[in-house]
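Engineer: Next up is a structure, given as structure tokens.
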Amino acid sequence: MIDPMERALELAKIAGSKGEVPVGAVIVFEGQIIGEGFNTKESTQVVSHHAEMIAIERACNHLGSWRLNDCQLFVTLEPCLMCAGAIYQARIERVIIGAKDPKAGAMGSLYEIHSDQRLNHNFQVEEHKLGSECSQLLKDFFRKRRAKP
């Protein structure tokens, strides 16, 4: 199997090529990818069409359950509050992050949803070794976007 973060990076590049913020997400269960997605918020004009939300929906459909207890999510950018809430609700056990998001990240940067003891489910969060590549992809995307008239 391809490294899940490498696949998430491929998906992020597809998103960027379509004018979307380049974020990709992959959900793994028992060593197999069961859900994946990339941002489509701009093309669909649906606010919830973040990579994580799409991957979660596909993984739930694959398993026939909203519970993703034994699943891991690999995502190229630290999830926002909306996505962190969906990850919490789906009971995902571990999230592996590429780049941190100091402006909107809800898993260590601004908030720590994953370890909030007031919630009835906590989950692990780790940073991936491809974090610098994930970060560079985002920087390049926004640099090009700002340069356009």
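The chains in the structure tokens are called A, B, ... from first to last as shown; in each chain the residues are counted from 1, and the ligands are counted from 1 in the order shown.
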Compile the contact shell of Leu9 (chain A) as a PyMOL selection string: residues with an atom at most 12 Å away, counting only C-alpha atoms, same-chain residues fewer than 6 positions apart removed.
Structural biologist: chain A and resi 2-3+15-16+22-26+36-39+51+74-77+97-99+128+130-138
Engineer: Please run DSSP on the backbone and report, as a list of chain:residue names, all residues within region 23-84 of chain A that come out as helix (DSSP H, G or I).
Structural biologist: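 In region 23-84 of chain A, DSSP puts these residues in helix (DSSP H, G or I): A:Lys41, A:Glu42, A:Ser43, A:Thr44, A:Ala51, A:Glu52, A:Met53, A:Ile54, A:Ala55, A:Ile56, A:Glu57, A:Arg58, A:Ala59, A:Cys60, A:Asn61, A:His62, A:Leu63, A:Leu81, A:Met82, A:Cys83, A:Ala84.
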Engineer: Going by DSSP on the backbone, which bits of region 11-134 of chain A are strand (DSSP E)? Write them as a PyMOL selection string, please.
Structural biologist: chain A and resi 24-29+32-38+71-77+94-99+124-127
Engineer: May I ask which of the residues A:Lys129, A:His121, A:His114, A:Arg145 is the closest one to Cys83 (chain A), counting only C-alpha atoms?
Structural biologist: A:His114
